[in-house]
Number of protein chains: 4
Amino acid sequence: MKLQPKRSFASDNNAGVHPRILQAMERANRGHVVAYGDDPYTATAIGKFRELLGKETSVYFVFSGTGANVLGLKAVTEPYQAIICADTAHINVDECGAPERFTGCKLLTVPTTDGKLRPEEVKPLLHGIGVEHHVQPRVISISQSTEMGTVYRPDEIGALANFAHRNNLLLHVDGARIANAAVSLKASLSEITRDAGVDVLSFGGAKNGMMYGEAVVFFNPALAPDFKFTRKQGSHLASKMRFISAQFEALLTNDLWKKNARHANRMAQILARELSKIPSIKITQKVEANGVFAIVPRRHIAELQKEYFFYVWNEATSEVRLMTSFDTTKEDIQKFIALVNKTLR
Amino acid sequence: MKLQPKRSFASDNNAGVHPRILQAMERANRGHVVAYGDDPYTATAIGKFRELLGKETSVYFVFSGTGANVLGLKAVTEPYQAIICADTAHINVDECGAPERFTGCKLLTVPTTDGKLRPEEVKPLLHGIGVEHHVQPRVISISQSTEMGTVYRPDEIGALANFAHRNNLLLHVDGARIANAAVSLKASLSEITRDAGVDVLSFGGAKNGMMYGEAVVFFNPALAPDFKFTRKQGSHLASKMRFISAQFEALLTNDLWKKNARHANRMAQILARELSKIPSIKITQKVEANGVFAIVPRRHIAELQKEYFFYVWNEATSEVRLMTSFDTTKEDIQKFIALVNKTLR
Amino acid sequence: MKLQPKRSFASDNNAGVHPRILQAMERANRGHVVAYGDDPYTATAIGKFRELLGKETSVYFVFSGTGANVLGLKAVTEPYQAIICADTAHINVDECGAPERFTGCKLLTVPTTDGKLRPEEVKPLLHGIGVEHHVQPRVISISQSTEMGTVYRPDEIGALANFAHRNNLLLHVDGARIANAAVSLKASLSEITRDAGVDVLSFGGAKNGMMYGEAVVFFNPALAPDFKFTRKQGSHLASKMRFISAQFEALLTNDLWKKNARHANRMAQILARELSKIPSIKITQKVEANGVFAIVPRRHIAELQKEYFFYVWNEATSEVRLMTSFDTTKEDIQKFIALVNKTLR
Amino acid sequence: MKLQPKRSFASDNNAGVHPRILQAMERANRGHVVAYGDDPYTATAIGKFRELLGKETSVYFVFSGTGANVLGLKAVTEPYQAIICADTAHINVDECGAPERFTGCKLLTVPTTDGKLRPEEVKPLLHGIGVEHHVQPRVISISQSTEMGTVYRPDEIGALANFAHRNNLLLHVDGARIANAAVSLKASLSEITRDAGVDVLSFGGAKNGMMYGEAVVFFNPALAPDFKFTRKQGSHLASKMRFISAQFEALLTNDLWKKNARHANRMAQILARELSKIPSIKITQKVEANGVFAIVPRRHIAELQKEYFFYVWNEATSEVRLMTSFDTTKEDIQKFIALVNKTLR
C-alpha cells in the first residue's frame, strides 16, 4: 500500500464525498423501495437531469465511469465499427481495453498535445468507408474537460458534431469532468452537450463529490431504446439504485455540481499561478479546468510526493499532473507551494 | 414507477442500509486516500476477509452481484468451456445473459425443484470431454443459499467439490446470501466454503445490509493471479473504493453479518409459521434461509401486493416468493398476516 | 487417427466431392479474377440462388456451416437476446459454444424426441419480455432436416414463422441438409423457406456433395444490410471466393442439389427397410431424410464399426446414427446388412 | 462488379490454384474418410510441416488468413492484454477489427515506413506494466514478408524474439507470404521461424498457389494445448479437412512452395527493374518479396487499371501496389510495361 498522505493532488478520485451528498444518501435510507431503479429517488434524479439536459433525454445510472463509457459506446456501435478518439483519451489508455472488449470496436486514435480533437484531424481517418476489410468509423469520442485539463468551447464541440453528423458518425462525450468544463466556460450543461449536437454523454459524478455513480445520457432516446438490457448485461444495474439517485439529486440541486466544480477549478488556477512564479517549473497546458500540468525538476519529485502525492504524467519530460477537487483548500496550496519552494531551493 | 409501499417482502434488495454500515461509510469520508483500492480501508477489509476465510485468500471488491459472478467465472474459464448450474440459478435466469456474454461459455443447466444440485445430476452433463465439437464443462456453480430459500449443508458442498475436482472442474458459489446460509447451518463461513472445497466465491454484501459492493474470493490465489486486470476491464474497479471497503469492514466486525442474516432468517421462519396456519396457503419449499415460497390463491394476490409488495414466482402455480431482510420487523409480519387473513377470508 | 474404412455411414461429411462440382472448380481455375467475391463466378452463383429463393434475397458465401449459423444469427441479434432451439440442435450441441461466443446470446432449449420444435413448446419460453433481468427471445432456430433425420413440413414451418412474427421473433433455419428436406417433401426450396416465412437460412453445401462452402441467406435484405462486415470480421470472407461460387453454381445447375439429396434419402430408405427386417434392431426415428437412427445390440456395435464406421448417438440406449450421402451405393448397404446379419446372428 | 481483367497485378489472391495442388485435391477425392481432420491426408500434411518446422510443432489447419491470425493470437492472449504491431499490419488495417473482436485485446501500433518493427520502436510501448488501468502487452506480431514487400532477416527476427522473451512477450508472425520471405532470404522456413525464436506462426497457403487453407503453427505446443477447441469455437474446423490437407501436402512436396514463391519474387524483381527505367515512376520500397510499390503519375492510373488492375496504396502520394504471383508471366510484365510506356508518354 502506498503511503497515505492526508492531502494530495493525485486525483479528484482521492477526495471523499461532499457532505450534502452524504446527507442525501442518509435521507434515502428509509423504509423499503423497489430495487433496480423503479423507485421515487431515481424518478426524481432523472427529472433533474431532464431539467438540465432536455425533456426528451434518456438517462441511465451506472456504477463507474468506465462502465458509463463502455456501455454508452456499446449501445450505439456494431462490433465492426470504430471509435475515434484522442490518443490521450481515458477510453484509450486508462480503461484496460474495456472499450474494445465490450464493444468489439477498434479505437482509432489521433495524436494530440492538448487532449483535444479537431475535425481536420479526424477527417484522415475516414477512409475505406464501405469496404469490408476495414473497420467503419462510427463514433467520435471526446473528453470534456480533457485528460490534459483543457476544455472544448461550445463552438468547437458544435464543429465536431456537425462534422460527425455530416459523415454519419455520432459524437460521444466522456464527461467524467463535464461540470468542470461547464463552469470553466460559464456555460450551461445543455449548451455544451445537447445544444452543441452531442449524441451520447457519460456524465460524471465521482470526480465532482459523489461517492460512486455516473449517468449514461442519450439526447435522442431512439439511439438506444434497449439500453436497459445493455446496462443489465453489462452488470451495471444497481440493486439499491436509490443511493446513486439520491446522490445525483443532491448534486443537481441548488447548483451543487457547479459549486464543487467551480471551487476545484479556482483552486487549479491558484495552484498554477503560484507554481508559475517558481522559475524552475514550467506550466505545460492551459489551465482551463481542475488539472495543472507542469514540468518539475526530476530530482525533486519523489520528495514532493511524500507530502502531497501526485502522478508523473510523462517520465521522459518530467511533466507532472496536479489535480484539484471540490475539497482542495487554499491551505493545501499554500503548504504545497511552500514545500515546493523549500525543496527546489 | 410501481407503487412504493413503505414495507415489502419483495426482495432483500428493497431494504436500505444497516445504520452501522452507513456510519462506517461516514467515518471513511475523511481526507484523501489513494483511489482504486490502494488505501488503508481496503487493506483492513481484506484482512477481515482473510481472518474469516483463510490467510491465503485473494479478495477483490466489485460493485454488484452480477459483476462478482461474471468476473469470478471469467477468471477461471476459457470461452469454449461450460458452466453447470441449476436451472433456477441467478446466473442462468436473472443476469440477462451476462455470464455468456462476458465469459463466452455456455451454461448447462440441471432442472431442480429445490434449487440445489447434486453430483449425480451433474454427472450426465460430463460427456463429450476432449471432443472439440462440444463445450467442455469447467465449473459447477451453486447458489448458497439458493434462489429457492434452501441451503446446502457442508457435506453436500463437500460432495460437489470432490466430484468437481475429481473431474477437473471447479466449484463456484454465488454467495449473494451466503450469510443467511451460514447462520442457518450454524456454520462458519470457512466451513461452508474453503473447508468444503469451494474454489471461487461471490460474497454478497447488498442483500445483507450493505448499500453496494460484493467480493470475489479465490481460495487458491493461483487460480486468478491477474484478476485485477479482469476486474478493471470488466469496469468493476471502484475509484473511491474505500467506501466499499468500509462497508465490508463494518459488516465483518462484531458479527454484524451474522446478526443481520440471523434476523432475516428468523423473520422468514415466523412468516412461514404464520402463513402455514392459513388453510388456503401452502408453503412449497423448506424455509432454511430468508425466503418463503408459498402458493397463495391467485385472485387475492394483487390485493395483497398493494400493501406489501412481493413477486409471483410461478404464474402457472400461483406460487409467490416472500423475502425477509435485516430490517424486517415482527410488526411487518403481524400486519401482513392480518392482511392475508382479512383478504382471504 | 481412427481406422480409415473406405466406406462408412458415419457422416455425410465423410463423403468426398461430387465429380461435377470438382469439374466446375477446375473450370474456374483460369486467369485472374478480383478476390473476395467481386468476380463473375460469384455473381452467377448468387443469381442461381435468387432464381430459387427470390430476387430480393441477400446471399453471402462463407466457409463452414458453423460459420453460416453463427454469423447469420449474429447479424439479427443483440447480445442481450436469446435464441430458441431444440436441445438436439447443432448450434446447441455441436458447435463448441460458438453461437454464445460470437452472438453473446443465450440459447434457450426445448427438449425434443424427434428434433422438431412446435409453437406450443416455444411459447413457455416467452416470459420476462421487457424485463431487463432476463434475456429477450429474438430468434427461433430450427434445423431442416433435423439432426434426428426428420423433416418439417411447409405448414409446420409456416406455423413456427407465424408464431415467431406475431411475437416479434425471427425464424432461422440451419439448412445444413435443406436439400434432403426439400426432396423428401417434394417441395421447392422456396416453399420450405421464403414462402413459409423463414427469415434467415444457412444453406448447406458440404453435406450435399460440395468440398466446402455454405451460404447465409436473408430473405429480407433489410435484416442485415451490413452483413459483409460481419462476415469479414467473422473471418469468413474467402479470398479466392470464385471456388466456393463455382461449386454452388454447379450444385444449383440442372438440379444437381436435388439429385444428390434424393439419392442420399433413397439410400436411407433402403437401409432402414433392410435394418427393420432384423429382429434385434429397432428403428427409432421416422426416416424422412438421409439419416437412420436405430437401436443396435450394444455388444455388436464395435464389431460393426470396424468395417463400416458410424457413431453411437445415445450410449445409454445403444442408439446409433447411420448417415447416407450422395455417394452411398446399394452395394454399401447390401454389404453392411450382410455384415449386420452375420454379426448379430 | 468490377471489370474483370484476365490478368492483373492486384493481388496474389487474384491468381488461381497451382495445377499440382488442384491435382492433389482431385486425388484426395476418393472414398470416405473421417471428417474434421481425423484422416490420413491430414496426418501426412502435418508430418510435412513437422519435417520443415520441427517435430515438436503443433499444426492446425484453418480456412483463411484472418482466421489463422485471429485464432492463433486468441490462443496466447488474455483479453486485457495487448498486441503490438506495425501500423501497416494486416491484422491492424485489413481484418475489419477481427483481432480486437475475437481476442478482446487492444492493438498497439508502431508507425513504420517499410512495414517492419524494431525492438527499439516496440520498447516505448512497454509501460504501465502491472498497472491494471492499462492493457498489458503480450504479443509482438510481425508480417513476413511485410505488407510493404519487405523482408525481415533472420537476425532481425531473432532480435525481436529475444526482446519479446526478455519482456515476457511472445513473437507472432503473420506468414501469409512466409514462402516469399524464405526464398528471398535463401533461408529455410525453420531458420526464419523456429530457429529465430518465433512462437506462433500463421502459415499462408492461398497467396502461394493454394485454393484456400492456412495453418496455425505453435512451435511450443504447451502454448496452446487446447487450440482445437479455439479453432472449432472460432468456426474454422473444416468438415472435409482432407482437401485442405491435400493442398498443403502438395505445396510442401518437392519444394513447390519454394518454386511458386521464387517465381513470384523473380517476377517482382523484373517488374521493378522495368518500372525503374521509366523516369516518371519512382519505386518506393525495397523489392524483397513479391510486391512492388511505386509512385505513378496520378492522371494515368485509371487508364492503366483498365487493362491490368492494381490497387492504389496511398491516395495522397499516388503510390500504387503491384503484386506478382506464382502465375505471373514475363509476358504479363512486358505487356504491362509497354502499356505504361505508351500511357505515360
# chains A, B, ... in the order shown; residues from 1 in each chain; ligands from 1
$ interface_residues --of "chain C" --to "chain B" --cutoff "6 Å" --atoms "only C-alpha atoms" --output "JSON, numbers by chain"
{"C": [94, 95, 96, 97, 101, 104, 106, 133, 134, 135]}
$ write_last_selection --atoms "N, CA and C atoms" --output "JSON list (two decimals), in the first residue's frame"
[["chain", "number", "residue", "atom", "x", "y", "z"],
["C", 94, "ASP", "N", -23.19, -29.07, -31.05],
["C", 94, "ASP", "CA", -22.07, -29.47, -31.92],
["C", 94, "ASP", "C", -21.22, -28.33, -32.41],
["C", 95, "GLU", "N", -21.36, -27.14, -31.85],
["C", 95, "GLU", "CA", -20.56, -26.03, -32.34],
["C", 95, "GLU", "C", -19.69, -25.42, -31.24],
["C", 96, "CYS", "N", -19.44, -26.20, -30.22],
["C", 96, "CYS", "CA", -18.48, -25.82, -29.16],
["C", 96, "CYS", "C", -18.78, -24.43, -28.59],
["C", 97, "GLY", "N", -20.05, -24.09, -28.50],
["C", 97, "GLY", "CA", -20.40, -22.82, -27.91],
["C", 97, "GLY", "C", -20.15, -21.62, -28.79],
["C", 101, "ARG", "N", -20.57, -17.55, -27.96],
["C", 101, "ARG", "CA", -19.31, -16.78, -28.01],
["C", 101, "ARG", "C", -19.40, -15.61, -28.99],
["C", 104, "GLY", "N", -23.11, -13.56, -28.23],
["C", 104, "GLY", "CA", -23.34, -13.11, -26.86],
["C", 104, "GLY", "C", -24.67, -13.58, -26.30],
["C", 106, "LYS", "N", -27.88, -16.02, -25.16],
["C", 106, "LYS", "CA", -28.14, -17.30, -24.52],
["C", 106, "LYS", "C", -28.97, -18.15, -25.46],
["C", 133, "HIS", "N", -33.84, -8.08, -16.43],
["C", 133, "HIS", "CA", -33.08, -9.14, -15.78],
["C", 133, "HIS", "C", -32.97, -10.38, -16.66],
["C", 134, "HIS", "N", -33.81, -10.45, -17.66],
["C", 134, "HIS", "CA", -33.90, -11.69, -18.43],
["C", 134, "HIS", "C", -33.53, -11.46, -19.89],
["C", 135, "VAL", "N", -32.86, -12.46, -20.47],
["C", 135, "VAL", "CA", -32.58, -12.39, -21.90],
["C", 135, "VAL", "C", -33.90, -12.34, -22.66]]
$ residues_around --residues "region 311-324 of chain B" --least-positions-apart "5" --cutoff "9 Å" --atoms "only C-alpha atoms" --output "CSV table (one decimal) with N, CA and C atoms, in the first residue's frame"
chain,number,residue,atom,x,y,z
B,8,SER,N,-42.2,-4.1,2.5
B,8,SER,CA,-42.5,-5.1,1.5
B,8,SER,C,-41.8,-6.4,1.8
B,9,PHE,N,-42.2,-7.5,1.1
B,9,PHE,CA,-41.5,-8.7,1.2
B,9,PHE,C,-40.9,-9.1,-0.2
B,10,ALA,N,-40.7,-8.0,-1.0
B,10,ALA,CA,-40.4,-8.2,-2.4
B,10,ALA,C,-38.9,-8.8,-2.6
B,11,SER,N,-38.0,-8.2,-1.8
B,11,SER,CA,-36.6,-8.6,-2.1
B,11,SER,C,-35.8,-8.0,-0.9
B,12,ASP,N,-34.7,-8.7,-0.6
B,12,ASP,CA,-33.8,-8.2,0.4
B,12,ASP,C,-33.0,-7.0,-0.2
B,148,MET,N,-34.2,-20.6,-4.1
B,148,MET,CA,-35.5,-21.2,-3.6
B,148,MET,C,-35.5,-21.2,-2.0
B,149,GLY,N,-34.6,-20.5,-1.4
B,149,GLY,CA,-34.6,-20.3,0.0
B,149,GLY,C,-34.0,-21.5,0.7
B,263,HIS,N,-31.3,-12.5,11.8
B,263,HIS,CA,-32.6,-11.8,12.0
B,263,HIS,C,-33.5,-12.1,10.8
B,264,ALA,N,-32.9,-11.9,9.6
B,264,ALA,CA,-33.7,-12.1,8.4
B,264,ALA,C,-34.3,-13.6,8.4
B,265,ASN,N,-33.4,-14.5,8.7
B,265,ASN,CA,-33.8,-15.9,8.7
B,265,ASN,C,-34.9,-16.1,9.7
B,266,ARG,N,-34.8,-15.5,10.9
B,266,ARG,CA,-35.8,-15.7,11.9
B,266,ARG,C,-37.1,-15.2,11.5
B,267,MET,N,-37.1,-14.0,10.8
B,267,MET,CA,-38.3,-13.4,10.3
B,267,MET,C,-39.0,-14.3,9.3
B,268,ALA,N,-38.1,-15.0,8.5
B,268,ALA,CA,-38.7,-15.9,7.5
B,268,ALA,C,-39.4,-17.1,8.2
B,271,LEU,N,-42.6,-15.9,9.6
B,271,LEU,CA,-43.6,-15.6,8.5
B,271,LEU,C,-44.1,-17.0,8.0
B,282,LYS,N,-50.2,-22.7,1.0
B,282,LYS,CA,-49.3,-23.9,1.1
B,282,LYS,C,-47.9,-23.5,0.9
B,283,ILE,N,-47.1,-23.8,1.9
B,283,ILE,CA,-45.6,-23.5,1.8
B,283,ILE,C,-45.0,-24.6,0.9
B,284,THR,N,-44.2,-24.1,-0.1
B,284,THR,CA,-43.7,-25.1,-1.1
B,284,THR,C,-42.3,-25.5,-1.0
B,290,ASN,N,-33.7,-16.9,4.1
B,290,ASN,CA,-34.6,-15.7,4.3
B,290,ASN,C,-35.7,-15.6,3.3
B,291,GLY,N,-36.0,-16.7,2.7
B,291,GLY,CA,-37.1,-16.7,1.7
B,291,GLY,C,-38.2,-17.7,2.0
B,292,VAL,N,-39.4,-17.3,1.7
B,292,VAL,CA,-40.6,-18.2,1.9
B,292,VAL,C,-41.3,-18.3,0.6
B,293,PHE,N,-41.5,-19.5,0.1
B,293,PHE,CA,-42.2,-19.7,-1.1
B,293,PHE,C,-43.6,-20.4,-0.7
B,294,ALA,N,-44.6,-19.8,-1.3
B,294,ALA,CA,-46.0,-20.3,-0.9
B,294,ALA,C,-46.9,-20.2,-2.0
B,295,ILE,N,-47.8,-21.1,-2.1
B,295,ILE,CA,-48.9,-21.0,-3.1
B,295,ILE,C,-50.1,-20.2,-2.4
B,296,VAL,N,-50.5,-19.1,-3.1
B,296,VAL,CA,-51.5,-18.2,-2.5
B,296,VAL,C,-52.6,-18.2,-3.5
B,297,PRO,N,-53.8,-18.2,-3.1
B,297,PRO,CA,-54.9,-18.1,-4.0
B,297,PRO,C,-54.8,-17.0,-5.0
B,298,ARG,N,-54.8,-17.3,-6.3
B,298,ARG,CA,-54.5,-16.4,-7.3
B,298,ARG,C,-55.3,-15.0,-7.2
B,301,ILE,N,-53.9,-12.2,-4.9
B,301,ILE,CA,-52.5,-11.8,-4.9
B,301,ILE,C,-52.4,-10.2,-5.1
B,305,GLN,N,-50.5,-7.5,-2.8
B,305,GLN,CA,-49.4,-6.8,-3.2
B,305,GLN,C,-49.5,-5.2,-3.1
B,329,THR,N,-39.6,-6.4,10.4
B,329,THR,CA,-39.9,-6.4,11.8
B,329,THR,C,-41.1,-7.4,12.0
$ select_by_dssp --residues "region 100-199 of chain B" --states "alpha helix (DSSP H)" --output "JSON, numbers by chain"
{"B": [100, 101, 102, 103, 119, 120, 121, 122, 154, 155, 156, 157, 158, 159, 160, 161, 162, 163, 164, 165, 166, 178, 179, 180, 181, 182, 183, 184, 185]}
$ residues_around --residues "Leu275 (chain A)" --least-positions-apart "2" --cutoff "10 Å" --atoms "only C-alpha atoms" --output "CSV table (one decimal) with C-alpha atoms, in the first residue's frame"
chain,number,residue,atom,x,y,z
A,269,GLN,CA,-6.0,28.5,-11.1
A,270,ILE,CA,-4.4,29.5,-7.9
A,271,LEU,CA,-2.1,26.5,-7.9
A,272,ALA,CA,-1.0,27.2,-11.4
A,273,ARG,CA,-0.5,30.9,-10.7
A,277,LYS,CA,6.1,32.0,-10.1
A,278,ILE,CA,8.7,29.4,-9.4
A,279,PRO,CA,11.4,29.7,-12.1
A,280,SER,CA,12.4,26.1,-12.5
A,281,ILE,CA,8.8,25.0,-13.0
A,282,LYS,CA,7.0,25.3,-16.3
A,283,ILE,CA,3.2,25.0,-16.8
A,292,VAL,CA,-2.4,21.6,-13.7
A,294,ALA,CA,3.8,21.2,-15.1
A,296,VAL,CA,9.1,19.9,-12.3
A,333,ILE,CA,-2.0,25.0,-1.9
A,336,PHE,CA,2.3,22.7,-1.1
A,337,ILE,CA,3.9,25.8,-2.7
A,340,VAL,CA,8.0,23.2,-3.4
A,341,ASN,CA,9.9,26.4,-2.7
$ residues_around --residues "Leu71 (chain A)" --least-positions-apart "3" --cutoff "9 Å" --atoms "only C-alpha atoms" --output "list of chain:residue names"
A:Thr66, A:Gly67, A:Ala68, A:Lys74, A:Ala75, A:Val76, A:Pro99, A:Phe102, A:Thr103, A:Val216, A:Phe227, A:Thr230, A:Arg231, A:Gly234, A:His236
$ residues_around --residues "region 237-247 of chain B" --least-positions-apart "2" --cutoff "7 Å" --atoms "only C-alpha atoms" --output "list in words"
Asn13, Asn14, Ser64 and Met211 of chain A; Ile21, Ala24, Met25, Ala28, Ala35, Tyr36, Gly37, Asp39, Tyr41, Thr42, Ala45, Val62, Met210, Gly213, Arg231, Lys232, Ser235, Glu249, Ala250 and Leu251 of chain B
$ select_by_dssp --residues "region 178-308 of chain A" --states "strand (DSSP E or B)" --output "list in words"
Val200, Leu201, Ser202, Phe203, Glu214, Ala215, Val216, Val217, Phe218, Lys282, Ile283, Gly291, Val292, Phe293, Ala294 and Ile295 of chain A
$ write_last_selection --atoms "C-alpha atoms" --output "CSV table (one decimal), in the first residue's frame"
chain,number,residue,atom,x,y,z
A,200,VAL,CA,-24.2,10.4,-26.1
A,201,LEU,CA,-22.7,11.6,-22.8
A,202,SER,CA,-21.1,9.9,-19.8
A,203,PHE,CA,-22.0,12.3,-17.0
A,214,GLU,CA,-22.2,8.0,-13.3
A,215,ALA,CA,-25.0,8.6,-15.8
A,216,VAL,CA,-25.3,7.5,-19.4
A,217,VAL,CA,-27.2,10.1,-21.3
A,218,PHE,CA,-28.8,9.7,-24.8
A,282,LYS,CA,7.0,25.3,-16.3
A,283,ILE,CA,3.2,25.0,-16.8
A,291,GLY,CA,-5.9,20.0,-13.6
A,292,VAL,CA,-2.4,21.6,-13.7
A,293,PHE,CA,0.3,20.1,-15.8
A,294,ALA,CA,3.8,21.2,-15.1
A,295,ILE,CA,7.4,20.2,-15.7
$ atom_distance --atom1 "CA of Ala86 (chain B)" --atom2 "CA of Gly115 (chain B)"
6.2 Å
